[in-house]
Amino acid sequence: MNSLKEIKNIWQERLLNKNFRLRLLFSLFLLGVSLISLSKFLCYNETRPGFSFTDPLLLLFQPIDVTWFTFGLIYLALIIALVSLSFSPEKFIVAMQSYSLIALFRLATIFLLPLNAPATIIPLDDPFIEFFGNGDTLLRDLFFSGHTSTMFLFFLTSTSTKLRPVFLVCTVLVGAAVLIQHVHYTIDVAAAPFFAYTSYRLALLINKQG
């Protein structure tokens with residue numbers, strides 16, 4: 001209860017600042033637009049012609065279904081990250097903007113690189129994406145990995161010295177999990193932290209100028 005009261009007091013104080021309120025509204029708008037745009041595009045992307053390539057790493061092993069492990073880890077990390085960020089409104093805004101930019105980057109890269117899913121894929125049923133989409137399982141939202149980039153974003157935006165290494169380990173585990181299930185190519189996972197970091201730096205720049 002003391003923690004909830006502390007969070008409430010922190011946000012009440014920050015919301016008295018007009019500049020903060022405007023940036024919060026902008027962040028919420030950007031998040032809504034980016035998620036809706038990405039979800040609609042991903043549904044369309046499933047119907048586009050694409051191309052495949054041989055991934056030497058995926059040839060080394062047969063896929064294993066680790067869906068429950070992957071989403072258990074992702075959503076547990078999400079809850080922890082949101083609670084932690086709630087104590088820092090400024091970081092919360094940066095995280096929202098960073099996630100929005102990741103979504104927009106994914107829209108652009110998937111459009112430019114319409115990859116077909118690995119032939120041996122075990123579909124990963126993402127309840128969050130399917131809720132905002134049309135309910136179909138998405139197979140071709142590949143380059144770059146949204147799950148891996150999101151976990152790395154938790155690492156970048158965390159204000160806790162104890163949680164940062166935990167989120168970094170979770171990033172590696174999620175990246176490994178989507179490869180074990182043949183949901184992504186290796187390049188999809190390897191590129192994800194780069195785009196997450198770029199989005200994070202851009203969000204910092206936006207707020208510095210604001």
# chains A, B, ... in the order shown; residues from 1 in each chain; ligands from 1
>>> residues_around(residues="Lys91 in chain A", least_positions_apart="6", cutoff="9 Å", atoms="only C-alpha atoms", output="compact mmCIF listing (two decimals) with N, CA and C atoms, in the first residue's frame")
# COMPACT_ATOMS: atom_id res chain seq x y z
N LEU A 85 8.88 1.03 -13.56
CA LEU A 85 8.85 2.31 -14.28
C LEU A 85 7.83 3.28 -13.69
N THR A 157 15.68 0.75 -20.09
CA THR A 157 14.89 1.76 -19.38
C THR A 157 14.80 1.51 -17.88
N SER A 158 15.29 0.39 -17.42
CA SER A 158 15.19 0.09 -15.99
C SER A 158 16.06 1.04 -15.17
N THR A 159 15.51 1.50 -14.06
CA THR A 159 16.26 2.37 -13.15
C THR A 159 16.84 1.59 -11.98
>>> select_by_dssp(residues="range 51-157 of chain A", states="helix (DSSP H, G or I)", output="PyMOL selection string")
chain A and resi 58-60+67-85+89-112+127-132+146-157
>>> closest_atom_pairs(of="range 51-88 of chain A", to="range 165-173 of chain A", cutoff="10 Å", atoms="only C-alpha atoms", output="JSON lines")
{"residue": "A:Phe69", "atom": "CA", "partner": "A:Leu173", "partner_atom": "CA", "distance": 9.6}
{"residue": "A:Thr70", "atom": "CA", "partner": "A:Leu173", "partner_atom": "CA", "distance": 8.2}
{"residue": "A:Leu73", "atom": "CA", "partner": "A:Cys170", "partner_atom": "CA", "distance": 7.3}
{"residue": "A:Ile74", "atom": "CA", "partner": "A:Cys170", "partner_atom": "CA", "distance": 8.1}
{"residue": "A:Ala77", "atom": "CA", "partner": "A:Phe167", "partner_atom": "CA", "distance": 7.3}
{"residue": "A:Leu78", "atom": "CA", "partner": "A:Phe167", "partner_atom": "CA", "distance": 9.9}
{"residue": "A:Ile80", "atom": "CA", "partner": "A:Phe167", "partner_atom": "CA", "distance": 9.8}
{"residue": "A:Ala81", "atom": "CA", "partner": "A:Phe167", "partner_atom": "CA", "distance": 8.8}
>>> write_last_selection(atoms="C-alpha atoms", output="CSV table (one decimal), in the first residue's frame")
chain,number,residue,atom,x,y,z
A,69,PHE,CA,8.1,-20.5,-21.3
A,70,THR,CA,8.5,-17.6,-23.7
A,73,LEU,CA,8.9,-14.9,-19.2
A,74,ILE,CA,7.8,-12.0,-21.4
A,77,ALA,CA,9.1,-9.2,-17.1
A,78,LEU,CA,6.4,-6.8,-18.5
A,80,ILE,CA,7.9,-6.1,-13.3
A,81,ALA,CA,9.0,-3.5,-15.7
>>> residues_around(residues="range 9-13 of chain A", least_positions_apart="3", cutoff="9 Å", atoms="only C-alpha atoms", output="number ranges by chain")
A: 4-6, 16-17, 86-89
>>> write_last_selection(atoms="N, CA and C atoms", output="CSV table (one decimal), in the first residue's frame")
chain,number,residue,atom,x,y,z
A,4,LEU,N,2.0,1.9,-3.5
A,4,LEU,CA,1.0,2.5,-4.4
A,4,LEU,C,0.8,4.0,-4.0
A,5,LYS,N,0.9,4.3,-2.8
A,5,LYS,CA,0.7,5.7,-2.4
A,5,LYS,C,1.9,6.6,-2.9
A,6,GLU,N,3.1,6.0,-2.8
A,6,GLU,CA,4.3,6.7,-3.3
A,6,GLU,C,4.2,6.9,-4.8
A,16,LEU,N,1.5,18.1,-12.5
A,16,LEU,CA,1.3,19.5,-12.3
A,16,LEU,C,2.1,20.3,-13.3
A,17,ASN,N,3.0,19.6,-13.9
A,17,ASN,CA,3.9,20.3,-14.9
A,17,ASN,C,3.3,20.2,-16.3
A,86,SER,N,6.8,2.7,-13.0
A,86,SER,CA,5.8,3.6,-12.4
A,86,SER,C,6.4,4.6,-11.4
A,87,PHE,N,7.5,4.2,-10.8
A,87,PHE,CA,8.2,5.1,-9.8
A,87,PHE,C,8.9,6.2,-10.5
A,88,SER,N,9.1,6.2,-11.8
A,88,SER,CA,9.8,7.2,-12.5
A,88,SER,C,9.0,7.6,-13.8
A,89,PRO,N,8.2,8.6,-13.6
A,89,PRO,CA,7.3,9.1,-14.7
A,89,PRO,C,8.1,9.4,-16.0
>>> closest_residue(among="A:Ala117, A:Val66, A:Leu153, A:Ile206", to="Gly50 in chain A", atoms="only C-alpha atoms")
A:Ala117
>>> atom_distance(atom1="CA of Ile122 in chain A", atom2="CA of Ser52 in chain A")
16.1 Å
>>> closest_residue(among="A:Leu142, A:Leu28, A:Ala190, A:Ala119", to="Arg106 in chain A", atoms="only C-alpha atoms")
A:Leu142
>>> closest_residue(among="A:Leu139, A:Ala177, A:Ile64, A:Leu35", to="Leu101 in chain A", atoms="only C-alpha atoms")
A:Leu35
>>> decode(residues="range 31-53 of chain A", atoms="N, CA and C atoms", output="compact mmCIF listing (two decimals), in the first residue's frame")
# COMPACT_ATOMS: atom_id res chain seq x y z
N LEU A 31 1.91 5.93 -29.08
CA LEU A 31 1.81 4.50 -28.78
C LEU A 31 0.58 3.90 -29.45
N GLY A 32 -0.56 4.58 -29.34
CA GLY A 32 -1.78 4.08 -29.95
C GLY A 32 -1.68 3.98 -31.46
N VAL A 33 -1.17 5.03 -32.09
CA VAL A 33 -1.03 5.05 -33.55
C VAL A 33 -0.07 3.97 -34.03
N SER A 34 1.06 3.83 -33.36
CA SER A 34 2.06 2.86 -33.79
C SER A 34 1.57 1.42 -33.64
N LEU A 35 0.90 1.12 -32.53
CA LEU A 35 0.41 -0.25 -32.31
C LEU A 35 -0.72 -0.61 -33.27
N ILE A 36 -1.63 0.31 -33.49
CA ILE A 36 -2.73 0.05 -34.42
C ILE A 36 -2.20 -0.10 -35.84
N SER A 37 -1.27 0.78 -36.23
CA SER A 37 -0.69 0.71 -37.58
C SER A 37 0.06 -0.59 -37.78
N LEU A 38 0.86 -0.98 -36.79
CA LEU A 38 1.64 -2.22 -36.91
C LEU A 38 0.73 -3.43 -36.98
N SER A 39 -0.30 -3.49 -36.14
CA SER A 39 -1.18 -4.66 -36.12
C SER A 39 -1.92 -4.82 -37.45
N LYS A 40 -2.38 -3.71 -38.01
CA LYS A 40 -3.07 -3.78 -39.31
C LYS A 40 -2.10 -4.18 -40.41
N PHE A 41 -0.88 -3.64 -40.35
CA PHE A 41 0.10 -3.98 -41.38
C PHE A 41 0.49 -5.45 -41.30
N LEU A 42 0.66 -5.98 -40.08
CA LEU A 42 1.08 -7.37 -39.94
C LEU A 42 0.05 -8.34 -40.51
N CYS A 43 -1.22 -8.00 -40.36
CA CYS A 43 -2.27 -8.83 -40.96
C CYS A 43 -2.16 -8.81 -42.48
N TYR A 44 -1.93 -7.62 -43.04
CA TYR A 44 -1.75 -7.49 -44.49
C TYR A 44 -0.48 -8.20 -44.93
N ASN A 45 0.57 -8.12 -44.12
CA ASN A 45 1.86 -8.69 -44.48
C ASN A 45 1.79 -10.21 -44.67
N GLU A 46 0.87 -10.86 -43.96
CA GLU A 46 0.72 -12.31 -44.10
C GLU A 46 0.32 -12.71 -45.51
N THR A 47 -0.27 -11.80 -46.27
CA THR A 47 -0.75 -12.11 -47.62
C THR A 47 0.24 -11.71 -48.70
N ARG A 48 1.31 -11.04 -48.33
CA ARG A 48 2.28 -10.55 -49.32
C ARG A 48 3.21 -11.68 -49.77
N PRO A 49 3.68 -11.62 -51.02
CA PRO A 49 4.72 -12.56 -51.44
C PRO A 49 6.02 -12.24 -50.70
N GLY A 50 6.77 -13.27 -50.36
CA GLY A 50 8.01 -13.05 -49.64
C GLY A 50 9.10 -13.98 -50.12
N PHE A 51 10.19 -14.01 -49.37
CA PHE A 51 11.31 -14.87 -49.75
C PHE A 51 11.86 -15.56 -48.50
N SER A 52 12.57 -16.65 -48.74
CA SER A 52 13.16 -17.42 -47.65
C SER A 52 14.66 -17.55 -47.87
N PHE A 53 15.36 -17.94 -46.83
CA PHE A 53 16.78 -18.25 -46.96
C PHE A 53 17.14 -19.31 -45.94
